[in-house]
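upload18.cif, holding mmCIF, C-alpha atoms:
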data_target
#
loop_
_atom_site.label_atom_id
_atom_site.label_comp_id
_atom_site.auth_asym_id
_atom_site.auth_seq_id
_atom_site.Cartn_x
_atom_site.Cartn_y
_atom_site.Cartn_z
CA MET R 122 -12.65 -17.73 -4.92
CA MET R 123 -13.45 -21.32 -4.05
CA GLU R 124 -12.99 -24.05 -6.66
CA ALA R 125 -16.70 -24.03 -7.51
CA ASP R 126 -16.53 -20.28 -7.94
CA VAL R 127 -13.66 -20.57 -10.43
CA ASN R 128 -15.63 -23.11 -12.45
CA ASP R 129 -18.77 -20.99 -12.28
CA VAL R 130 -16.87 -17.91 -13.44
CA THR R 131 -15.30 -19.81 -16.33
CA GLU R 132 -18.68 -21.16 -17.40
CA ARG R 133 -20.22 -17.71 -17.17
CA VAL R 134 -17.47 -16.13 -19.25
CA GLN R 135 -17.50 -18.93 -21.83
CA CYS R 136 -21.26 -18.70 -22.10
CA PHE R 137 -21.06 -14.97 -22.65
CA LEU R 138 -18.22 -15.11 -25.17
CA GLY R 139 -19.30 -18.14 -27.14
CA GLY R 140 -23.09 -18.16 -26.84
CA GLY R 141 -26.08 -16.03 -27.60
CA LEU R 142 -25.62 -13.89 -24.48
CA ARG R 143 -22.84 -12.00 -26.26
CA ASN R 144 -25.43 -10.29 -28.44
CA ALA R 145 -28.55 -10.75 -26.35
CA ASP R 146 -27.25 -9.35 -23.06
CA PRO R 147 -24.74 -6.50 -23.66
CA GLU R 148 -25.42 -5.14 -20.17
CA GLY R 149 -23.99 -8.33 -18.74
CA LEU R 150 -20.58 -7.35 -20.07
CA GLY R 151 -20.06 -4.92 -17.18
CA GLY R 152 -20.38 -7.73 -14.67
CA ILE R 153 -18.03 -9.94 -16.67
CA LEU R 154 -15.36 -7.23 -16.83
CA GLN R 155 -15.47 -6.63 -13.08
CA LEU R 156 -14.35 -10.24 -12.56
CA TYR R 157 -10.92 -9.20 -13.89
CA TRP R 158 -10.38 -6.08 -11.77
CA ASN R 159 -7.92 -7.70 -9.35
CA TYR R 160 -6.01 -9.43 -12.16
CA LEU R 161 -5.54 -6.21 -14.16
CA HIS R 162 -4.80 -4.18 -11.03
CA LEU R 163 -2.02 -6.59 -10.08
CA LEU R 164 -0.41 -6.34 -13.52
CA ALA R 165 -0.65 -2.54 -13.52
CA GLU R 166 0.69 -2.30 -9.97
CA ALA R 167 3.73 -4.35 -10.95
CA GLN R 168 4.72 -1.77 -13.60
CA LEU R 169 4.56 1.32 -11.39
CA ASP R 170 7.23 2.24 -8.89
CA ARG R 171 6.56 4.74 -6.10
CA ARG R 172 7.39 7.77 -8.26
CA LEU R 173 5.02 6.74 -11.02
CA ARG R 174 2.21 5.99 -8.56
CA VAL R 175 2.36 9.59 -7.37
CA ARG R 176 1.35 10.62 -10.88
CA PHE R 177 -1.22 7.94 -11.78
CA SER R 178 -2.67 5.04 -9.84
CA PRO R 179 -3.16 1.39 -10.86
CA SER R 180 -6.87 1.74 -10.03
CA ASP R 181 -7.28 4.62 -12.49
CA LEU R 182 -5.54 2.62 -15.22
CA VAL R 183 -7.72 -0.42 -14.59
CA GLN R 184 -10.90 1.66 -14.59
CA GLU R 185 -9.91 3.21 -17.91
CA THR R 186 -9.07 -0.22 -19.31
CA LEU R 187 -12.43 -1.69 -18.34
CA LEU R 188 -14.32 1.29 -19.77
CA GLU R 189 -12.47 0.96 -23.07
CA ALA R 190 -13.03 -2.80 -23.12
CA HIS R 191 -16.75 -2.22 -22.64
CA ARG R 192 -16.80 0.33 -25.44
CA ASP R 193 -14.71 -1.73 -27.87
CA PHE R 194 -16.10 -5.17 -27.06
CA PRO R 195 -17.87 -5.50 -30.45
CA GLN R 196 -14.38 -5.58 -32.01
CA PHE R 197 -13.31 -8.60 -29.92
CA ARG R 198 -13.41 -11.77 -32.01
CA GLY R 199 -12.21 -14.36 -29.51
CA THR R 200 -14.33 -17.08 -27.93
CA THR R 201 -12.24 -18.24 -24.93
CA GLU R 202 -11.34 -16.73 -21.58
CA ALA R 203 -7.62 -16.99 -22.43
CA GLU R 204 -8.18 -14.89 -25.56
CA PHE R 205 -10.27 -12.43 -23.55
CA LEU R 206 -7.51 -12.04 -20.95
CA SER R 207 -4.93 -11.44 -23.68
CA TRP R 208 -7.16 -8.77 -25.20
CA LEU R 209 -7.63 -7.04 -21.85
CA ARG R 210 -3.86 -7.08 -21.25
CA GLN R 211 -3.27 -5.36 -24.59
CA ILE R 212 -5.69 -2.58 -23.65
CA LEU R 213 -3.95 -2.20 -20.28
CA ILE R 214 -0.54 -2.02 -22.00
CA HIS R 215 -1.82 0.70 -24.31
CA ASN R 216 -3.11 2.73 -21.37
CA LEU R 217 0.15 2.34 -19.46
CA ILE R 218 2.08 3.58 -22.50
CA VAL R 219 -0.23 6.55 -22.97
CA ALA R 220 0.06 7.47 -19.28
CA VAL R 221 3.87 7.36 -19.34
CA ARG R 222 4.00 9.37 -22.57
CA ARG R 223 1.71 11.98 -21.06
CA HIS R 224 4.06 12.50 -18.13
CA VAL R 225 7.17 12.40 -20.30
CA GLU R 226 5.72 15.19 -22.42
CA ALA R 227 4.99 17.09 -19.22
CA GLY R 228 8.75 17.20 -18.64
CA LYS R 229 9.28 14.16 -16.41
CA ARG R 230 12.69 13.37 -17.92
CA ASP R 231 13.68 11.03 -15.09
CA ILE R 232 10.75 8.76 -15.91
CA ARG R 233 11.59 8.75 -19.61
CA ARG R 234 15.14 7.62 -18.94
CA GLU R 235 14.20 4.86 -16.53
CA VAL R 236 10.93 3.52 -17.98
CA SER R 237 10.94 2.90 -21.73
CA LEU R 238 7.78 2.10 -23.65
CA GLU R 239 9.29 -1.24 -24.67
CA GLN R 240 9.89 -2.05 -21.02
CA ILE R 241 6.23 -1.43 -20.25
CA ARG R 242 5.02 -3.74 -22.99
CA ALA R 243 7.48 -6.48 -22.02
CA GLY R 244 6.89 -5.82 -18.31
CA VAL R 245 3.19 -6.66 -18.40
CA ASP R 246 3.86 -9.92 -20.23
CA THR R 247 6.69 -10.78 -17.83
CA SER R 248 4.48 -10.02 -14.82
CA ALA R 249 1.79 -12.32 -16.17
CA LEU R 250 4.36 -15.10 -16.56
CA SER R 251 5.76 -14.44 -13.09
CA LEU R 252 2.27 -14.61 -11.65
CA ALA R 253 1.79 -17.94 -13.43
CA GLY R 254 5.03 -19.15 -11.86
CA LEU R 255 3.46 -18.90 -8.43
CA LEU R 256 1.09 -21.68 -9.46
CA GLU R 257 4.03 -24.06 -9.91
CA GLN R 258 2.37 -25.53 -12.99
CA ARG R 259 4.61 -26.82 -15.72
CA GLY R 260 2.00 -27.94 -18.23
CA THR R 261 2.61 -26.77 -21.79
CA SER R 262 -0.32 -28.33 -23.65
CA PRO R 263 -3.03 -25.99 -24.97
CA SER R 264 -5.48 -27.27 -22.35
CA ALA R 265 -2.92 -26.72 -19.56
CA ARG R 266 -2.26 -23.15 -20.73
CA ILE R 267 -5.98 -22.38 -20.87
CA GLN R 268 -6.47 -23.77 -17.34
CA ARG R 269 -3.52 -21.70 -16.12
CA GLU R 270 -5.09 -18.52 -17.53
CA GLU R 271 -8.28 -19.27 -15.63
CA LEU R 272 -6.36 -19.90 -12.39
CA LEU R 273 -4.39 -16.64 -12.74
CA VAL R 274 -7.58 -14.68 -12.18
CA ALA R 275 -8.32 -16.68 -9.01
CA LEU R 276 -4.71 -16.21 -7.86
CA ALA R 277 -5.00 -12.44 -8.29
CA ASP R 278 -8.18 -12.49 -6.22
CA HIS R 279 -6.38 -14.43 -3.48
CA LEU R 280 -3.50 -11.95 -3.51
CA ALA R 281 -5.96 -9.08 -3.14
CA SER R 282 -7.29 -10.72 0.04
CA LEU R 283 -3.87 -11.01 1.73
CA PRO R 284 -2.69 -8.50 4.37
CA PRO R 285 -1.16 -5.43 2.65
CA ASP R 286 2.43 -6.22 3.65
CA TYR R 287 2.10 -9.83 2.42
CA ARG R 288 0.72 -8.64 -0.89
CA GLN R 289 3.41 -5.98 -1.24
CA VAL R 290 6.33 -8.33 -0.66
CA ILE R 291 4.97 -10.82 -3.22
CA VAL R 292 4.44 -8.11 -5.83
CA LEU R 293 7.92 -6.66 -5.27
CA ARG R 294 9.66 -10.03 -5.24
CA HIS R 295 7.80 -11.96 -7.95
CA LEU R 296 6.25 -9.40 -10.27
CA GLN R 297 8.83 -6.64 -10.08
CA GLY R 298 11.81 -8.95 -9.62
CA ARG R 299 13.34 -6.99 -6.72
CA SER R 300 16.08 -8.41 -4.54
CA PHE R 301 15.44 -8.87 -0.83
CA ALA R 302 17.88 -6.02 -0.16
CA GLU R 303 15.92 -3.68 -2.43
CA ILE R 304 12.63 -4.73 -0.86
CA ALA R 305 14.06 -4.10 2.60
CA VAL R 306 14.88 -0.50 1.65
CA GLN R 307 11.45 0.12 0.15
CA MET R 308 9.55 -1.47 3.05
CA GLU R 309 11.88 0.07 5.65
CA ARG R 310 12.72 -3.27 7.27
CA ASN R 311 15.91 -5.26 7.63
CA GLU R 312 16.62 -7.92 5.04
CA GLY R 313 16.10 -10.82 7.44
CA ALA R 314 12.64 -9.53 8.38
CA VAL R 315 11.73 -9.18 4.71
CA ARG R 316 12.76 -12.78 4.00
CA MET R 317 10.60 -14.04 6.87
CA LEU R 318 7.69 -11.87 5.71
CA TRP R 319 8.04 -13.29 2.20
CA LEU R 320 8.07 -16.88 3.46
CA ARG R 321 4.92 -16.29 5.51
CA ALA R 322 3.20 -14.56 2.60
CA ILE R 323 4.00 -17.31 0.11
CA GLY R 324 3.01 -19.94 2.64
CA GLN R 325 -0.36 -18.32 3.28
CA LEU R 326 -1.03 -17.85 -0.42
CA ARG R 327 -0.20 -21.43 -1.35
CA THR R 328 -2.14 -22.82 1.61
CA LYS R 329 -5.24 -20.88 0.58
CA PHE R 330 -4.86 -22.04 -2.97
CA SER R 331 -4.33 -25.71 -2.14
CA GLU R 332 -7.17 -25.76 0.41
CA ARG R 333 -9.54 -24.79 -2.37
CA GLY R 334 -8.23 -27.47 -4.70
CA LEU R 335 -6.72 -24.91 -7.08
CA SER R 336 -3.01 -25.76 -6.88
#

Would you encode the structure as structure tokens?
Amino acid sequence: MMEADVNDVTERVQCFLGGGLRNADPEGLGGILQLYWNYLHLLAEAQLDRRLRVRFSPSDLVQETLLEAHRDFPQFRGTTEAEFLSWLRQILIHNLIVAVRRHVEAGKRDIRREVSLEQIRAGVDTSALSLAGLLEQRGTSPSARIQREELLVALADHLASLPPDYRQVIVLRHLQGRSFAEIAVQMERNEGAVRMLWLRAIGQLRTKFSERGLS
């Protein structure tokens, strides 16, 4: 997204949530929800290791989350994009928990031992904070927090546009909290190569962001 696009999206969402469009144009909700696909996919991806992804994919979880959000939207009482994002995250957390429970009940004892339901709930919130950390914003006022929520969606879109190995190393390092040694094993590279890959990935991401006036 370019800076104008971020502002346009925010205006569109605020208009929908706080204005007459909320009731007058229910079909427009589908388009609004699609704006958050990359953001929700990134959070879901951060919670699933390779074994879990064999059993259910981040894309399936996001699709289910958006369908449920569309169905349950009349219950949403917020009026800001930050509140809307928080609501969507809670639906995603619920779906992650249900998916893990389903596979635990199917006899996947190794998953139950290593991925607790509490870890999933805390993990999504931690991933959102880690994603925010990439923005290098330290503002704590309500207006700063609201702006940060808006920029997180743009950041997720930028991440989605990076080369796959750049995106992977950022997700593993910043959202999953892996060490460079652990990432090297997973990506089948030596640790030095992983560090260089990470530096290039972060550099490209921050350059894109700053060029669009979003840093």

Pick from R:Arg210, R:Arg294, R:Arg222, R:Arg198 nearest to Tyr157 of chain R, counting only C-alpha atoms: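 That would be R:Arg210, the residue with the smallest distance to Tyr157 of chain R.
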
Point-to-point distance in Å for atom CA of Leu273 of chain R and atom CA of Leu296 of chain R: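 Spanning atom CA of Leu296 of chain R to atom CA of Leu273 of chain R is a straight-line distance of 13.1 Å.
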
From R:Pro195, R:Leu320, R:Val315, R:Leu280, residue lying nearest Arg299 of chain R [all atoms listed in the file]: R:Val315

Residues returned when the PyMOL selection byres ((chain R and resi 180) around 9) runs on this file, as a list in words: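 Checking the PyMOL selection byres ((chain R and resi 180) around 9) against this file, the residues are Trp158, His162, Ala165, Glu166, Phe177, Ser178, Pro179, Asp181, Leu182, Val183, Gln184 and Glu185 of chain R.
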
Dump C-alpha atoms for the selected residues as a PDB file, in the coordinates of the input?
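What follows is the written file part18.pdb:
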ATOM      1  CA  TRP R 158     -10.380  -6.080 -11.770  1.00  0.00           C
ATOM      2  CA  HIS R 162      -4.800  -4.180 -11.030  1.00  0.00           C
ATOM      3  CA  ALA R 165      -0.650  -2.540 -13.520  1.00  0.00           C
ATOM      4  CA  GLU R 166       0.690  -2.300  -9.970  1.00  0.00           C
ATOM      5  CA  PHE R 177      -1.220   7.940 -11.780  1.00  0.00           C
ATOM      6  CA  SER R 178      -2.670   5.040  -9.840  1.00  0.00           C
ATOM      7  CA  PRO R 179      -3.160   1.390 -10.860  1.00  0.00           C
ATOM      8  CA  ASP R 181      -7.280   4.620 -12.490  1.00  0.00           C
ATOM      9  CA  LEU R 182      -5.540   2.620 -15.220  1.00  0.00           C
ATOM     10  CA  VAL R 183      -7.720  -0.420 -14.590  1.00  0.00           C
ATOM     11  CA  GLN R 184     -10.900   1.660 -14.590  1.00  0.00           C
ATOM     12  CA  GLU R 185      -9.910   3.210 -17.910  1.00  0.00           C
TER      13      GLU R 185
END

Within 12 Å of Ala190 of chain R using all atoms listed in the file, minus same-chain residues under 4 positions, as a list in words: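 The neighbour list is Leu150, Gly151, Ile153, Leu154, Gln155, Tyr157, Val183, Gln184, Glu185, Thr186, Phe194, Pro195, Gln196, Phe197, Phe205, Leu206, Ser207, Trp208, Leu209, Arg210, Gln211, Ile212, Leu213, His215 and Asn216 of chain R.
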
Atom pair atom CA of Gly149 of chain R / atom CA of Gln168 of chain R: separation (Å): 29.9 Å
